[in-house]
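For reference, the structure is listed below as structure tokens.
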Amino acid sequence: MSTHFDATLDVKGAKCPMPLVKSRKAIGDLPVGHVLQVIATDRGSIADFQGWATTAKNIRLIAQETTAEGGQDLYVHYLERTA
Amino acid sequence: MSPVDTLSPSAPSMPSATTMPSAASMSAPADSSDRLAALEARLTALEDHPSQSTEDRVAMVVFSGDLDKAIAAFIIATGAAAMGMEVSMFFTFWGLNAVKKQKVFAGKNVIEQGFTAMLPGGLGQTGLSQMNYFGAGAKIMRRLMKQHDVSSPEELFGLAQELGVRMVVCDMSRELLGVTDAELIDGLETGGVATFLADAARAKVTLFI
């Protein structure tokens with residue numbers, strides 16, 4: 001599956017709450033309507049990004065994927081800036 | 001501050017009742033359809049972001065690993081669930097003690113093995129926050145609870161799971177303390193700070209135990 005995105009953010013190795021904080025900063029630098037791809041290794045990021053999307057008014061969680069790379073799981077999130 | 005912060009609360013200004021005679025609004029279908037569209041837009045925004053509204057929910061951070069505090073947390077959780085409220089429990093740091101089922105030493109480094117040795121391997125090994133006396137206090141408390149027909153913490157935990165209490169384990173502190181999945185009770189969720197906050201944001205009751 002490939003989801004369209006305009007920018008990508010690598011937060012591999014970052015632990016809670018850094019994936020969230022860095023993504024928040026990165027999506028703020030994008031124009032409205034653009035999609036940010038976030039690649040994380042933090043397992044908690046799956047529920048965290050869902051929680052963020054239900055709380056924040058200006059982002060929408062488009063998709064989440066789990067893939068494996070070099071023996072570690074990667075959690076990929078696609079966020080759209082809506083406002 | 002980034003432009004994200006400049007968001008207005010997306011409230012389309014509603015004409016106040018005093019400035020709009022009802023006869024005029026009824027004879028102006030274009031205006032009422034505008035208002036309807038604005039209301040629909042607001043409804044969609046609310047549905048997209050349920051955390052913007054409150055619901056009958058209790059959100060708890062279980063930070064302590066003491067038996068007495070775990071009892072308090074599980075009593076509140078089961079009580080709230082029984083009352084028909086939604087309940088979210090977020091277990092972090094020493095609170096992980098309350099949701100462990102065993103100790104596993106295999107595959108851990110020295111520090112992690114030390115933590116595993118020093119920390120309780122489950123509710124059954126936790127002590128009281130006061131008057132514990134190397135575990136004697138906890139034993140006496142459990143006996144007292146039995147005498148007074150108070151449900152054991154294990155029963156309360158099982159009940160909470162049965163009643164559909166959402167239980168989330170903080171992955172960051174789990175990793176920090178070297179706790180593996182095999183040591184945790186089955187059926188728990190994994191999450192982080194936003195997982196708790198999203199539930200707490202729409203909860204009517206929030207507790208840090």
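Residue numbering restarts at 1 for every chain of the structure tokens, chains are lettered A, B, ... in their displayed order, and ligands are numbered from 1 as they appear.
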At a cut-off of 10 Å, can you tabulate as a Markdown table every residue of chain A near chain B together with its closest atom pair and the distance in Å to one decimal, using only C-alpha atoms and ordering rows by chain then number?
```
| residue | atom | partner | partner_atom | distance |
| --- | --- | --- | --- | --- |
| A:Ala14 | CA | B:Met172 | CA | 9.9 |
| A:Lys15 | CA | B:Met172 | CA | 6.2 |
| A:Cys16 | CA | B:Met172 | CA | 6.0 |
| A:Pro17 | CA | B:Val193 | CA | 6.5 |
| A:Leu20 | CA | B:Ala194 | CA | 8.0 |
| A:Arg24 | CA | B:Val4 | CA | 9.0 |
| A:Lys25 | CA | B:Ser2 | CA | 7.9 |
| A:Ala26 | CA | B:Ser2 | CA | 9.9 |
| A:Ile27 | CA | B:Val4 | CA | 8.5 |
| A:Gly28 | CA | B:Val4 | CA | 5.7 |
| A:Asp29 | CA | B:Ser2 | CA | 7.4 |
| A:Leu30 | CA | B:Pro3 | CA | 9.7 |
| A:Pro31 | CA | B:Pro3 | CA | 9.5 |
| A:Val32 | CA | B:Val4 | CA | 9.3 |
| A:Asp42 | CA | B:Asp171 | CA | 7.7 |
| A:Arg43 | CA | B:Asp171 | CA | 6.7 |
| A:Gly44 | CA | B:Gly191 | CA | 3.7 |
| A:Ser45 | CA | B:Gly191 | CA | 6.5 |
| A:Ile46 | CA | B:Gly191 | CA | 7.1 |
| A:Ala47 | CA | B:Gly191 | CA | 5.1 |
| A:Asp48 | CA | B:Ala194 | CA | 4.6 |
| A:Phe49 | CA | B:Ala194 | CA | 7.2 |
| A:Gln50 | CA | B:Thr195 | CA | 7.5 |
| A:Gly51 | CA | B:Ala198 | CA | 4.8 |
| A:Trp52 | CA | B:Ala194 | CA | 5.9 |
| A:Ala53 | CA | B:His49 | CA | 7.1 |
| A:Thr54 | CA | B:His49 | CA | 4.4 |
| A:Thr55 | CA | B:Ser51 | CA | 4.8 |
| A:Ala56 | CA | B:His49 | CA | 7.0 |
| A:Lys57 | CA | B:His49 | CA | 6.5 |
| A:Asn58 | CA | B:Val4 | CA | 7.2 |
| A:Ile59 | CA | B:His49 | CA | 9.5 |
| A:Arg60 | CA | B:Asp48 | CA | 8.4 |
| A:Arg81 | CA | B:Val4 | CA | 8.9 |
| A:Thr82 | CA | B:Val4 | CA | 9.7 |
| A:Ala83 | CA | B:Val4 | CA | 7.1 |
```
Fill in: strand (DSSP E or B) per DSSP on the backbone: members of chain A, as a PyMOL selection string
chain A and resi 7-11+35-40+59-69+72-81
Can you spit out the residues from that selection as a PDB file, in the first residue's frame, using C-alpha atoms?
```
ATOM      1  CA  ALA A   7       7.233  15.306   3.381  1.00  0.00           C
ATOM      2  CA  THR A   8       8.793  12.653   5.543  1.00  0.00           C
ATOM      3  CA  LEU A   9      10.108  12.703   9.095  1.00  0.00           C
ATOM      4  CA  ASP A  10      12.438  10.077  10.528  1.00  0.00           C
ATOM      5  CA  VAL A  11      12.018   9.656  14.294  1.00  0.00           C
ATOM      6  CA  VAL A  35       0.635  15.093   4.251  1.00  0.00           C
ATOM      7  CA  LEU A  36       3.519  14.206   6.543  1.00  0.00           C
ATOM      8  CA  GLN A  37       4.913  10.702   6.706  1.00  0.00           C
ATOM      9  CA  VAL A  38       6.411   9.839  10.105  1.00  0.00           C
ATOM     10  CA  ILE A  39       8.642   6.795  10.515  1.00  0.00           C
ATOM     11  CA  ALA A  40       8.961   5.717  14.165  1.00  0.00           C
ATOM     12  CA  ILE A  59      -4.549  17.255  11.844  1.00  0.00           C
ATOM     13  CA  ARG A  60      -6.086  14.146  10.374  1.00  0.00           C
ATOM     14  CA  LEU A  61      -4.584  10.674  10.620  1.00  0.00           C
ATOM     15  CA  ILE A  62      -4.847   9.192   7.137  1.00  0.00           C
ATOM     16  CA  ALA A  63      -3.135   5.837   7.614  1.00  0.00           C
ATOM     17  CA  GLN A  64      -0.858   3.818   9.872  1.00  0.00           C
ATOM     18  CA  GLU A  65       1.328   0.918   8.785  1.00  0.00           C
ATOM     19  CA  THR A  66       3.651  -1.473  10.533  1.00  0.00           C
ATOM     20  CA  THR A  67       6.617  -2.721   8.544  1.00  0.00           C
ATOM     21  CA  ALA A  68       9.864  -4.453   9.441  1.00  0.00           C
ATOM     22  CA  GLU A  69      13.314  -3.233   8.553  1.00  0.00           C
ATOM     23  CA  GLN A  72      13.082  -3.988  13.958  1.00  0.00           C
ATOM     24  CA  ASP A  73       9.479  -2.961  13.546  1.00  0.00           C
ATOM     25  CA  LEU A  74       8.760   0.386  11.960  1.00  0.00           C
ATOM     26  CA  TYR A  75       5.557   2.275  12.631  1.00  0.00           C
ATOM     27  CA  VAL A  76       4.669   4.581   9.763  1.00  0.00           C
ATOM     28  CA  HIS A  77       2.052   7.270  10.239  1.00  0.00           C
ATOM     29  CA  TYR A  78       0.492   9.568   7.627  1.00  0.00           C
ATOM     30  CA  LEU A  79      -0.846  12.856   8.928  1.00  0.00           C
ATOM     31  CA  GLU A  80      -2.579  15.593   6.996  1.00  0.00           C
ATOM     32  CA  ARG A  81      -2.531  19.180   8.135  1.00  0.00           C
TER      33      ARG A  81
END
```
Using only C-alpha atoms, determine which residues lie at most 9 Å from Gly137 of chain B, disregarding the query and same-chain residues fewer than 6 positions distant; provide the list as a PDB file with C-alpha atoms, in the first residue's frame.
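Wrote it out as part-v1.pdb, contents follow:
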```pdb
ATOM      1  CA  GLY B 127       3.759  -3.916  49.391  1.00  0.00           C
ATOM      2  CA  LEU B 128       1.899  -1.145  51.169  1.00  0.00           C
ATOM      3  CA  GLN B 130       2.976   2.771  54.563  1.00  0.00           C
ATOM      4  CA  MET B 131       3.372   0.254  57.379  1.00  0.00           C
TER       5      MET B 131
END
```
Worksheet item: Any idea what's packed within 12 Å of Val99 of chain B, counting only C-alpha atoms, ignoring anything in its chain fewer than 2 positions away? Could you give it as a ChimeraX atom specification?
Response: /B:62-67,70,74,89-97,101-103,120-126,153-154,157-158,161,167-170,174,179-189
Practice prompt. Would you return as a list in words the members of chain A that DSSP assigns to helix (DSSP H, G or I) on this structure's backbone?
Written response: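 Written out, the helix (DSSP H, G or I) residues of chain A are Met18, Pro19, Leu20, Val21, Lys22, Ser23, Arg24, Lys25, Ala26, Ile27, Gly28, Ser45, Ile46, Ala47, Asp48, Phe49, Gln50, Gly51, Trp52, Ala53, Thr54 and Thr55 of chain A.
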Could you please take those selected residues and save C-alpha atoms as a short mmCIF file (atom, residue, chain, number, x, y, z; two decimals), in the first residue's frame?
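Dumped everything to selection09.cif:
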```
data_model
loop_
_atom_site.label_atom_id
_atom_site.label_comp_id
_atom_site.auth_asym_id
_atom_site.auth_seq_id
_atom_site.Cartn_x
_atom_site.Cartn_y
_atom_site.Cartn_z
CA MET A 18 9.61 12.89 21.11
CA PRO A 19 7.98 11.31 18.02
CA LEU A 20 4.91 13.40 18.79
CA VAL A 21 6.76 16.62 19.57
CA LYS A 22 8.93 16.41 16.46
CA SER A 23 5.94 15.56 14.24
CA ARG A 24 4.00 18.49 15.66
CA LYS A 25 6.86 20.79 14.72
CA ALA A 26 7.29 19.24 11.26
CA ILE A 27 3.60 19.42 10.36
CA GLY A 28 3.52 23.06 11.45
CA SER A 45 3.34 5.85 18.74
CA ILE A 46 0.44 3.91 17.19
CA ALA A 47 -1.98 4.75 19.99
CA ASP A 48 -0.30 8.13 20.51
CA PHE A 49 -0.91 9.34 16.97
CA GLN A 50 -4.51 8.14 17.13
CA GLY A 51 -4.92 10.07 20.38
CA TRP A 52 -3.32 13.15 18.91
CA ALA A 53 -5.59 13.04 15.86
CA THR A 54 -8.74 12.79 17.95
CA THR A 55 -7.63 15.68 20.16
#
```
Fill in: Between atom CA of Leu207 of chain B and atom CA of Lys69 of chain B, distance in Å (one decimal)
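Atom CA of Leu207 of chain B sits 11.8 Å away from atom CA of Lys69 of chain B.
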Discussion item. What does the structure give for the distance between atom CA of Phe105 of chain B and atom CA of Ala136 of chain B, in Å to one decimal?
Written reply: 26.1 Å
